[in-house]
Structure formats: structure tokens, C-alpha cells
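Asks: Sharing a structure, written as C-alpha cells. Questions coming.
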Amino acid sequence: MKEYDVIVVGGGHAGIEAATAPARMGCSVAMITMDKNAMGRMSCNPAVGGSAKGHLVHEIDALGGMIGLIADRSGIQFRTLNKSKGPAVWAGRSQNDRKLYSIEALKAVLSVQNLDIIEDSVIEVLVEDKKIYGVKTQKGQEIKCKALIVSTGTFLNGLMYTGEKIFRGGRFGEPPAVGLTESLIKLGFEAGRLKTGTPPRLKKDSINWDVLEEQKGDDPPQPFSLRTPKNEFPYLPQLSCYITYTNKTVHQILETGFDRSPLFTGKIKGRGPRYCPSIEDKIYRFSDKERHQLFLEPEGLDSDLIYINGFSSSLPEEVQYEALRKIKGLENVEMVRPGYAVEYDFFPPHQVDLTLETKLIEGLYFAGQINGTSGYEEAAAQGIVAGINAALKIQKRPEFVLKRSEAYIGVLIDDLVGKSTDEPYRMFTSRAEHRLILRQDNADRRLLKYGYEFGLIPKELYDELKEREVLITKSKELLSKTKILPTDINPFLIQKNTTPIDNAETVDKLVKRPEINLIDLLEFIKNKNGEIVDLLNDKKAIEQIEIEFKYDGYIQRQMELIEKMEKLENVLIPLNFDYSNLKAISAEGREKLSKVRPRSIGQASRISGVTPSDISVLLVYLKS
């Protein structure tokens, strides 16, 4: 019987991170996937990042993960969203070449030592004394392991729906994974069903591009990964996306198929993503809206397929086609493939701990859509956390848990474990109470130390960060003391359409003005202070200093809130604590606390159904 330290089931976005991280940390790893050439295949939109999801990609990259590197290599458009708003919500997004993404993903996995790819399907989990020891595959192999990470995406007993047609599969043209759910249920796990979907694919040459609104990428584009050489980026030619809208006629046509929609007839039992609904769900729920925005996005440089973002549907094929032809620019469109919904098994995430190890079976980890999440980025974030923790457990090193105040990844996992979910969970900036601290631009300052500690980030990159930190600290001190005379600065202030000053003012005060950019101000005064010249050579340091100066008051308030919350996070609860003895706690509170088994009072306070008075009783009991 073959034996590995870690086995990873699935070659999607979670699986890639879950397999490559422990392999790079020195473990022997096997990734079991049905088709290695489908590695990282983008089932839905061929895009990475976006609001809050971009933050996750930057955080995964700072930990040493792969998704940012792969997105950079296959990106055909890069944009930073929300630039007109504050830095807390700036978010990188890339449109990717679907085919190239999978090619680059496979290259990335093959480049890692200690990692074997096995083309097979796992049908049974092997457990002894509540501890994982291996798997059994469809081809009859038994493979031993010390840790198993299950990251099966939408493949567990997957069913695809288009109108009244039902197909077995986890993705177009690919079979479902059968047997694994049943094996896990036998071990005592609770399973459920969720639903996601994808829109039709359109033929590029059948679209009237001239009447559509063009959406260009950034110039110059910015990469996701700190490890992508700036002088080589972008690797590929950059393309535009386009915008159009539905209308009343489109809505009326779509409504004619509602009686055959699996969403409305009850064939689909699983709940779909609330924040990314199908087009029929949008029309039903928002009947007052006369139109919905749609994005026409290329699937690749050599592809003739266009992805119509915002038109996910499981309506009958002919209804989708008729409605599409009433949309501006699509009057003569050819539909290459209709949209469809996918229903699949998941395991409610209260069954995993903050390390993503299951509470029931030691050495068994769940990562990605199996935990009820939606999106490549959420999956990849869980994959790297599960992979790192599996390696740390095998190497008998301390576990890795990110706090809510440290990372969006911490928010994601804390939400899943503490609140669980009965619908696909999607990350938003609004879910993070400390989002001004958790910006995508400072992901390296927050998390690179961990990536370096685990051996996933090169020393030179970490040393560069440490040097920048010294520069930032010294420069902030200097600029807080450097006063500029009115005679020296007023011409600059007038040029920037802001009020001149009457008395000398420090740089940190001047840069708080919305009209003033720190780099422009430094360029203007550099001849008057030689020390400033060094800072001008590091644009990243300037960006960090400017944000910290401009938002100083808000950042301080968030830091104070984090300190208060830390006191609750530091009050630990024994994992074997018997809540049934606490009769002063509400019945719901006892049930939820027993189910989630929180590690701390802080985590307990965020569990839905646990009241402030429950927390007070628990605190008194723990202190006594």
C-alpha cells in the first residue's frame, strides 16, 4: 500500500493550495484528481479577485500560495475596483484566459517537489480509532496517509439542471464524485445540498460590439503576486470587457420559462448564493427593477467564447436563447452553450475547527466548497490554511489560526465555524469589522512573516519587507516633524486647488487634505530636505505612509477596538467543556456552544444564538 504524509482530494483552487503548501513544507503529498489537465479549471467566470475576493488573493499570496501567481500568468485584463472609494475597499480583479489558467495551474503543481498527482476518484475514507489512515479509490487503490484534505468543489453527487433536463456531473462534461459523501456520513458527519450556477456562453463574432459600453483594464496593470517580476508583467496581451443591460422584454420572455425552472418547481432542493442570484431569481425577487447590468467577458485570447456575467440561469435552453436576442448588442447572438445550475453535497462547517481539521476525525480536513463557500478565492484561502495545518500537525509544530483582526481569511474561517451556513458563503468587505486595517495593499505587512516562517516565502522577499518597515517607521517620524513654511508650500497648494496656509505646517498634517498626494508633495519639497530623497525611491512605502496619515484617526479607533476584543479572545475555553451543566445559559445557547465548541470567549460571543447574558454566565463560570 502506497503511503504519503498528506493526501488531497480534488485539483481545484482549494486543492492546489492544499497540496502545494505541505509539499513545499517538506511533506510527501498525493493529489488525487479525476483529470490533471482540468487542474484549477474555472467552472464559472474565468476571473480572479473582485470586491473582498481580491483581498483574499493578496493574503494567500503573502502566505506563499499559488492563486496570485497563476492569475498573473494567465490574466488578459487587470483592474483595481472601487478606486473612487477609500483604500479599505480597493480590490484587484483579473479576467483570465480559462485554458491558460489550467495550463499554468498544472505547471505550478508539477514544479513542486514531493508532490505526486494521481488520476483517480476517492470513494471511501479509511479511519481507525477516530483517526485518518488512508483512502480507497474508484480504481481499487488503497493509499495510506497521516492527513487527508477533502476539497471536492461541486462534484460530490453533483447534478446539473437546464430547464427540465437533468444531468449527472460536477461541471460541464465532467462526471460527479460518488461514494465519498456516503463514506463520510457513515463516519457520523452531517451533509446538506447547495446550488450554484453558470450563464450561457456566446459566440464572439455574433455580438455587435460597436453599440456596447467598453470597459478597459488599468494602464499600467498591477499584478496580484509579490513574486511576479514587475519588468515581465503583464505576460499576455490585454483585452477589454463590455457592458450591456437586460430590459422589460427580456424579463417577460424569461418569465415564460418559470413554470419549467428547476429553481421554482422544487427540483433543486439546495439553496443558491443570495448575493449572486440567477437571472430568473433576480427578476422574481427584484420585480421593480426595469433592467439588470450584464458584463460580456472574453474566455481567452484564442477562444471564440464570451461569458455573460450576470445572466446565470437554469431556465430551458430555448427561453435563454430567445431572451438573449432581445438584449442590446446581442440581437443576432449565437448561444454556444446554455447556462445551467449545479446542485452538490456539502458538509455544514460547524463540523470543522479553526484549523479546518474536522472535530470528529483527527487528521481529516475539509477545504473549499465542501464547507459551504462560493468562489475560487474563498476555496483557495481554505486550501492553504488546511494544507499548512496538516503539515504542522505531522511535523508536531504549533497550529496556524488567523484572527479576524489579522486577515480576511481569519474572518472567513471564523464565520464558517462559528455561524456555519445553509447557503453558499461569499466574502464581502462588510463582513470584516476591521476592514481599514485589513486592506489588500498591506497584506504583505500583515502575513508575510507567517509565509516566511512556514518556508513558503523566500528570504529575500521577507528581508525586503523588513527593510521597508524600517523606512516607513523612520519616514513617518521625520514627516511628522518636518515643518514647511507658507512661502515654500503655498504655490503648490494653490496649484492643487486647496487653501493656502498662514503658518508652518508639518507634512503629515498637509497630506490629510484630500487634494494632496504624498508623492507629489515629496517631489515638490525634496530639494529642501535631503532625507526625503531616499523615501522617493520606494513607492510602496509612500503608499503605506500616505494611507496611515490620511486615515490616522480611523485606524487608531480600530486598533483600540481590536485591543478590547483581544481580551475576550485570550479567555480560553477547554475544548471538552460540558455546557449541559450551565443551566443559567439559555437552551439555544447551550445547544450552539456544544455544537461549535468555541476555543475562546471571543469566538463564543460571535456564535448566532448565543446572547450577551450567556457570555456573562460563561465568563463567571470560567473565572470561578
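As shown in the C-alpha cells, the chain order sets the letters A, B, ...; within each chain, residues go from 1, and ligands are also counted from 1 in the order they appear.
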Among the residues of region 278-406 of chain A, find those DSSP assigns to strand (DSSP E or B) from the backbone and print them as a count of residues only.
Replies: 29
Asks: Which polymer residues have any atom within 8 Å of an atom of Gly589 (chain A), counting only C-alpha atoms, with same-chain residues fewer than 2 positions away left out, as a PyMOL selection string?
Replies: chain A and resi 585-587+591-593+609-611+614
Asks: Restrict the selected residues to C-alpha atoms and save them as a PDB file, in the first residue's frame.
Replies:
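Writing the result to again_11.pdb gives the following:
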```
ATOM      1  CA  ILE A 585     -27.403  29.712  29.953  1.00  0.00           C
ATOM      2  CA  SER A 586     -30.330  29.672  27.503  1.00  0.00           C
ATOM      3  CA  ALA A 587     -31.260  26.332  25.920  1.00  0.00           C
ATOM      4  CA  GLU A 591     -27.042  23.844  22.060  1.00  0.00           C
ATOM      5  CA  LYS A 592     -24.992  26.215  19.872  1.00  0.00           C
ATOM      6  CA  LEU A 593     -21.978  26.229  22.203  1.00  0.00           C
ATOM      7  CA  GLY A 609     -27.997  32.332  19.117  1.00  0.00           C
ATOM      8  CA  VAL A 610     -25.507  32.887  21.957  1.00  0.00           C
ATOM      9  CA  THR A 611     -26.665  36.008  23.849  1.00  0.00           C
ATOM     10  CA  ASP A 614     -24.955  33.680  28.043  1.00  0.00           C
TER      11      ASP A 614
END
```
Asks: For Val385 (chain A), please output as a list in words all residues within 9 Å (counting only C-alpha atoms; exclusion window: fewer than 3 positions along the same chain).
Replies: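 In the requested format, the answer is Glu17, Ala18, Ala21, Thr355, Leu356, Ala367, Ala380, Ala381, Gln382, Ile388, Asn389, Ala390, Phe400, Val401, Leu402 and Ile409 of chain A.
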Asks: Using only C-alpha atoms, determine which residues lie at most 10 Å from region 534-550 of chain A, disregarding the query and same-chain residues fewer than 5 positions distant; provide the list as a PyMOL selection string.
Replies: chain A and resi 86-88+436-437+441-442+445+465+468-476+479-480+507-514+516-519+522-523+526+555-556
Asks: Would you pick out the contacts of region 447-462 of chain A at 7 Å or less, using only C-alpha atoms, so that residues sharing its chain but fewer than 4 positions from it are not included, and give the list as a VMD selection string?
Replies: chain A and resid 24 to 25 59 62 to 64 443 466
Asks: Neighbouring residues of Pro273 (chain A) were defined as those with any atom within 7 Å, considering only C-alpha atoms; residues of the same chain fewer than 4 positions away were excluded. Please report them as a ChimeraX atom specification.
Replies: /A:196,277,423-424
Asks: Just how far from CA of Pro486 (chain A) is CA of Phe524 (chain A), in Å to one decimal?
Replies: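 CA of Pro486 (chain A) lies at a distance of 13.4 Å from CA of Phe524 (chain A).
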